[in-house]
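K.L.:
Below is run-v9.txt; it holds compact mmCIF, C-alpha atoms.
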# COMPACT_ATOMS: atom_id res chain seq x y z
CA MET A 1 8.70 12.67 93.44
CA SER A 2 5.90 12.81 90.80
CA ASP A 3 5.15 9.93 88.41
CA SER A 4 6.55 11.93 85.44
CA LYS A 5 9.98 12.04 87.10
CA VAL A 6 10.37 8.33 87.80
CA PRO A 7 13.89 7.37 86.64
CA GLY A 8 13.95 5.27 83.48
CA ARG A 9 10.37 6.16 82.41
CA ARG A 10 10.28 7.13 78.72
CA LYS A 11 7.94 9.64 77.12
CA GLY A 12 6.68 9.64 73.55
CA VAL A 13 3.86 10.59 71.19
CA CYS A 14 2.07 8.43 68.61
CA LYS A 15 2.69 9.20 64.92
CA ASN A 16 -0.15 7.07 63.50
CA PRO A 17 -2.59 9.54 61.84
CA ASP A 18 -5.45 7.07 62.32
CA CYS A 19 -4.95 6.96 66.09
CA ASP A 20 -6.98 9.22 68.42
CA LEU A 21 -3.98 9.69 70.73
CA CYS A 22 -1.91 10.87 67.77
CA MET A 23 -4.53 13.45 66.79
CA SER A 24 -4.78 14.72 70.37
CA ARG A 25 -0.95 14.86 70.67
CA GLU A 26 -1.19 13.11 74.02
CA VAL A 27 2.17 12.39 75.66
CA GLN A 28 2.41 8.77 76.79
CA GLU A 29 4.78 7.54 79.52
CA ILE A 30 6.17 4.01 79.26
CA GLU A 31 7.51 2.14 82.27
CA PRO A 32 11.03 0.70 82.10
CA GLY A 33 11.10 -2.70 80.44
CA GLU A 34 7.79 -2.23 78.60
CA ASP A 35 7.48 -1.95 74.79
CA PHE A 36 7.77 1.64 73.62
CA VAL A 37 4.47 1.56 71.68
CA CYS A 38 1.16 3.45 71.69
CA SER A 39 -1.33 2.13 74.22
CA GLU A 40 -4.17 2.85 71.76
CA CYS A 41 -3.01 1.53 68.35
CA GLY A 42 0.17 -0.39 69.19
CA CYS A 43 2.37 1.62 66.81
CA SER A 44 5.88 2.69 67.80
CA LEU A 45 6.10 5.99 69.68
CA SER A 46 8.32 8.92 68.82
CA GLU A 47 10.40 9.59 71.91
CA ILE A 48 10.48 13.10 73.32
CA SER A 49 12.28 14.72 76.24
CA GLY A 50 11.53 17.60 78.51
CA ASN A 51 8.76 18.69 80.85
CA ILE A 52 5.40 17.08 80.03
CA LYS A 53 3.44 20.25 80.76
CA GLU A 54 5.59 22.27 78.37
CA ILE A 55 5.30 19.54 75.70
CA LYS A 56 1.52 19.40 75.99
CA LYS A 57 1.36 23.19 75.83
CA LYS A 58 3.40 23.22 72.60
CA SER A 59 1.31 20.38 71.13
CA LEU A 60 -1.88 22.27 71.92
CA SER A 61 -0.50 25.41 70.28
CA THR A 62 0.49 23.44 67.19
CA ALA A 63 -2.97 21.85 66.97
CA MET A 64 -4.64 25.25 67.28
CA ILE A 65 -2.47 26.67 64.53
CA ALA A 66 -3.40 23.74 62.25
CA VAL A 67 -7.11 24.23 62.94
CA ILE A 68 -6.91 27.97 62.26
CA ALA A 69 -5.01 27.37 59.02
CA SER A 70 -7.61 24.82 57.86
CA VAL A 71 -10.47 27.23 58.59
CA ALA A 72 -8.66 30.03 56.74
CA ILE A 73 -8.17 27.80 53.66
CA ILE A 74 -11.86 26.91 53.66
CA ILE A 75 -12.89 30.58 53.92
CA VAL A 76 -10.57 31.58 51.07
CA GLY A 77 -11.94 28.76 48.90
CA VAL A 78 -15.55 29.79 49.54
CA VAL A 79 -14.81 33.44 48.78
CA TYR A 80 -12.97 32.52 45.58
CA TRP A 81 -15.76 30.19 44.42
CA PHE A 82 -18.55 32.70 44.92
CA GLY A 83 -16.42 35.48 43.47
CA PHE A 84 -15.67 33.43 40.36
CA ARG A 85 -19.25 32.32 39.87
CA GLY A 86 -20.50 35.84 40.43
CA GLY A 87 -18.31 37.08 37.59
CA GLU A 88 -19.99 34.87 34.99
CA LYS A 89 -22.57 36.45 32.75
CA VAL A 90 -25.61 34.64 31.47
CA ALA A 91 -26.99 35.87 28.17
CA ASP A 92 -30.50 37.30 28.42
CA PRO A 93 -33.07 35.56 26.21
CA GLU A 94 -34.30 37.43 23.19
CA PRO A 95 -37.61 39.19 24.01
CA ASP A 96 -39.08 38.47 20.56
CA ASN A 97 -39.16 34.67 20.88
CA GLY A 98 -40.59 34.25 24.38
CA GLY A 99 -37.22 33.75 26.07
CA GLU A 100 -36.23 30.76 23.95
CA VAL A 101 -32.61 30.43 22.94
CA VAL A 102 -32.34 29.89 19.21
CA VAL A 103 -29.35 27.99 17.85
CA ASP A 104 -28.75 28.10 14.14
CA SER A 105 -28.15 24.62 12.74
CA PRO A 106 -25.60 24.37 9.94
CA LYS A 107 -27.24 24.04 6.55
CA VAL A 108 -26.20 21.22 4.27
CA ASP A 109 -26.49 21.72 0.55
CA THR A 110 -27.95 18.38 -0.44
CA GLU A 111 -27.81 19.28 -4.11
CA SER A 112 -24.01 19.47 -4.02
CA VAL A 113 -23.58 16.01 -2.46
CA ASP A 114 -23.06 13.31 -5.05
CA THR A 115 -24.81 9.99 -4.41
CA PRO A 116 -22.75 7.09 -5.73
CA VAL A 117 -24.55 5.23 -8.51
CA VAL A 118 -23.71 1.75 -9.71
CA ASP A 119 -24.78 0.24 -13.01
CA VAL A 120 -26.26 -3.23 -12.65
CA THR A 121 -28.06 -5.31 -15.23
CA THR A 122 -31.29 -7.28 -15.40
CA PRO A 123 -31.79 -10.09 -17.92
CA LYS A 124 -34.52 -9.68 -20.53
CA ASN A 125 -35.22 -13.44 -20.61
CA ASP A 126 -34.28 -16.73 -18.95
CA ASN A 127 -31.89 -17.72 -21.76
CA ALA A 128 -29.13 -15.26 -20.95
CA LYS A 129 -25.76 -16.28 -22.44
CA GLY A 130 -23.58 -14.28 -20.10
CA LYS A 131 -23.24 -11.44 -22.61
CA ASP A 132 -23.98 -7.78 -21.96
CA ASP A 133 -25.99 -7.33 -25.21
CA ASN A 134 -28.92 -9.35 -23.73
CA LYS A 135 -29.24 -7.15 -20.63
CA GLU A 136 -30.72 -3.80 -19.90
CA SER A 137 -29.10 -1.25 -17.60
CA VAL A 138 -30.62 -0.46 -14.22
CA LYS A 139 -29.31 2.16 -11.81
CA GLN A 140 -29.41 1.90 -8.05
CA THR A 141 -27.55 3.58 -5.23
CA ALA A 142 -24.79 1.59 -3.55
CA PRO A 143 -22.06 2.27 -1.02
CA GLN A 144 -18.68 3.23 -2.42
CA SER A 145 -16.79 0.67 -0.32
CA GLY A 146 -17.18 -1.81 2.49
CA SER A 147 -19.72 -4.64 2.53
CA ALA A 148 -23.14 -4.39 0.91
CA LYS A 149 -26.01 -6.34 -0.61
CA LEU A 150 -26.61 -5.56 -4.29
CA THR A 151 -29.25 -6.67 -6.78
CA LEU A 152 -27.47 -7.57 -10.03
CA GLY A 153 -28.63 -8.93 -13.36
CA CYS A 154 -29.10 -12.61 -12.47
CA GLY A 155 -29.48 -12.44 -8.72
CA THR A 156 -28.27 -10.84 -5.53
CA TYR A 157 -24.73 -10.29 -4.28
CA ASP A 158 -23.74 -9.96 -0.62
CA GLY A 159 -20.10 -9.13 0.03
CA PRO A 160 -17.30 -6.57 -0.30
CA VAL A 161 -17.73 -3.70 -2.75
CA LYS A 162 -15.53 -0.95 -4.13
CA ASN A 163 -16.68 2.08 -6.09
CA GLY A 164 -20.20 0.70 -5.88
CA ARG A 165 -19.31 -2.61 -7.59
CA PRO A 166 -18.54 -6.13 -6.27
CA ASP A 167 -14.82 -6.25 -5.57
CA GLY A 168 -12.74 -8.51 -3.37
CA MET A 169 -13.05 -11.98 -1.85
CA GLY A 170 -15.51 -13.67 0.49
CA GLY A 171 -18.89 -12.77 -1.00
CA THR A 172 -21.96 -14.84 -1.91
CA PHE A 173 -23.99 -14.63 -5.13
CA THR A 174 -27.48 -16.18 -5.25
CA PHE A 175 -29.14 -16.70 -8.65
CA ASN A 176 -32.81 -15.86 -9.20
CA SER A 177 -32.80 -16.57 -12.98
CA SER A 178 -30.97 -18.79 -15.46
CA TYR A 179 -27.43 -17.94 -16.56
CA THR A 180 -24.78 -19.66 -18.70
CA LEU A 181 -21.29 -19.17 -17.31
CA ASP A 182 -18.41 -19.28 -19.82
CA LEU A 183 -15.46 -21.01 -18.10
CA LYS A 184 -12.90 -19.34 -20.40
CA ASP A 185 -10.91 -22.59 -20.69
CA GLY A 186 -10.24 -22.32 -24.44
CA GLN A 187 -12.57 -25.26 -25.13
CA GLY A 188 -15.86 -23.40 -24.98
CA SER A 189 -16.90 -25.11 -21.73
CA THR A 190 -19.89 -23.58 -19.92
CA VAL A 191 -21.89 -24.13 -16.74
CA LYS A 192 -25.65 -23.63 -16.73
CA LEU A 193 -26.96 -22.00 -13.56
CA GLY A 194 -30.51 -21.27 -12.44
CA ARG A 195 -32.78 -20.18 -9.62
CA GLY A 196 -31.62 -21.59 -6.29
CA ASP A 197 -27.99 -22.04 -7.35
CA LYS A 198 -25.37 -19.90 -5.65
CA ILE A 199 -21.66 -19.18 -5.62
CA ILE A 200 -19.84 -18.86 -2.30
CA SER A 201 -16.34 -17.60 -1.43
CA THR A 202 -16.52 -15.42 -4.51
CA LYS A 203 -13.77 -13.27 -5.90
CA PHE A 204 -14.77 -10.21 -7.92
CA ASP A 205 -12.49 -7.74 -9.67
CA ASN A 206 -14.12 -4.36 -10.36
CA GLY A 207 -17.55 -5.94 -10.87
CA LYS A 208 -16.31 -9.00 -12.82
CA PHE A 209 -16.73 -12.48 -11.32
CA VAL A 210 -13.35 -14.28 -11.32
CA GLN A 211 -13.63 -17.38 -9.14
CA GLY A 212 -15.69 -19.14 -6.49
CA GLU A 213 -17.39 -22.39 -5.48
CA ILE A 214 -20.74 -23.14 -7.13
CA ILE A 215 -23.36 -24.89 -5.00
CA PHE A 216 -26.19 -26.17 -7.16
CA ALA A 217 -29.74 -26.51 -5.92
CA ASN A 218 -29.22 -30.29 -5.63
CA ASN A 219 -26.16 -29.66 -3.40
CA ASP A 220 -23.61 -30.64 -6.08
CA ARG A 221 -20.51 -28.48 -5.97
CA LYS A 222 -18.05 -27.20 -8.55
CA TYR A 223 -15.10 -24.83 -8.12
CA VAL A 224 -14.40 -22.45 -10.99
CA THR A 225 -11.56 -19.99 -11.48
CA GLY A 226 -9.99 -17.87 -14.20
CA VAL A 227 -13.32 -16.62 -15.53
CA SER A 228 -14.38 -13.04 -16.13
CA ALA A 229 -18.14 -12.67 -16.15
CA THR A 230 -20.72 -10.00 -15.39
CA LEU A 231 -23.40 -11.75 -13.37
Let me see whether you can do it: turn the structure in this file into structure tokens.

P.N.:
Amino acid sequence: MSDSKVPGRRKGVCKNPDCDLCMSREVQEIEPGEDFVCSECGCSLSEISGNIKEIKKKSLSTAMIAVIASVAIIIVGVVYWFGFRGGEKVADPEPDNGGEVVVDSPKVDTESVDTPVVDVTTPKNDNAKGKDDNKESVKQTAPQSGSAKLTLGCGTYDGPVKNGRPDGMGGTFTFNSSYTLDLKDGQGSTVKLGRGDKIISTKFDNGKFVQGEIIFANNDRKYVTGVSATL
């Protein structure tokens, strides 16, 4: 009696794709009482029955079919790739420009593009009273919206703008000349400002200063609100 016909001996194949015995479809025989696992990777075996020679013959045929199918897929892919690439046409370069490919860039009509312009003022003297009749008009380009730094009549503004003018909260205005701010309190109260003074946390409404905290050059502070001034 051959070893393959010993009573109680079980036969199986490994199903672990990472195992060499699985890839070779080798039939393993397990003695009675032993764990029915692969001797190579330790994974459970798939039990089979029948003559070992016939099983190995079928496994070999299956493996050959798989190899042939894989080779056929590769050949078809190569043929398709080269056939597809061969069908593409590459434009010949123009003979008049030495083979260079010329791409026309879109033309932009700069004359039809409007540049936003904002009117700002510059004082004629250091005794400005906060009135527009003592200021001359100066034009400069400014962004329509967002945050920007502008040069205004009595100093510079850095903060949010809209339609090219200071507008919104959170800006800073720094004075570079004297200015008298009317507090609009019904009593004629004013605040005299000069070079080095600044206003933080400003609020502007369409170019008009409304409120903010004044920090004088000597570090004194004063909060003003309810005014409407063109700085």

K.L.:
Restricting the calculation to all atoms listed in the file: of A:Lys15, A:Arg195, A:Arg165, A:Lys184, which residue gets closest to A:Ser147?

P.N.:
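Looking only at the distances to A:Ser147, the closest residue turns out to be A:Arg165.
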
K.L.:
Could you pull the residues within 12 Å of A:Cys22, counting all atoms listed in the file, minus those fewer than 2 positions along the same chain, as a count of residues only?

P.N.:
26

K.L.:
What's the separation between atom CA of A:Gly164 and atom CA of A:Lys222, in Å to one decimal place?

P.N.:
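Atom CA of A:Lys222 lies at a distance of 28.1 Å from atom CA of A:Gly164.
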
K.L.:
So which residues are close to (-15.6, -7.5, -14.7), meaning at most 6 Å away in the file's coordinates with all atoms listed in the file counted, and can you show them as an MDAnalysis selection string?

P.N.:
chainID A and resid 205:208 228:230

K.L.:
Pick the closest to A:Thr225 from A:Leu152, A:Met64, A:Ile48, A:Ile199: which is it, counting only C-alpha atoms?

P.N.:
A:Ile199

K.L.:
When distances are computed from all atoms listed in the file, which of A:Phe204, A:Tyr80, A:Phe175, A:Phe36 shows the smallest separation from A:Val161?

P.N.:
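When distances to A:Val161 are compared using all atoms listed in the file, the smallest one comes from A:Phe204.
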
K.L.:
Suppose you want the space between atom CA of A:Lys203 and atom CA of A:Asp182; what is it in Å?

P.N.:
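Distance between the two atoms: 15.9 Å.
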
K.L.:
Here is a test: counting all atoms listed in the file, which residue of A:Cys154, A:Phe209, A:Ile200, A:Gly188 is nearest to A:Gly170?

P.N.:
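Under the stated criterion, the closest residue is A:Ile200.
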
K.L.:
Work out how far apart atom CA of A:Ser178 and atom CA of A:Tyr157 are and give it in Å to one decimal.

P.N.:
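A separation of 15.4 Å between them.
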
K.L.:
I need the residue nearest A:Arg10 from this list: A:Met23, A:Ala217, A:Asn176, A:Glu29. Use only C-alpha atoms for the distance.

P.N.:
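Of A:Met23, A:Ala217, A:Asn176, A:Glu29, the one nearest A:Arg10, counting only C-alpha atoms, is A:Glu29.
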
K.L.:
Which residue out of A:Ser177, A:Gly159, A:Val224, A:Gly153 has the minimum interatomic distance to A:Val191 when all atoms listed in the file are used?

P.N.:
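The shortest atom-to-atom distance to A:Val191 comes from A:Val224.
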
K.L.:
Just want the 10 Å neighbourhood of A:Gly8, counted on all atoms listed in the file, with same-chain residues fewer than 4 positions away dropped. Output as a list in words.

P.N.:
Ile30, Glu31, Pro32 and Gly33 of chain A
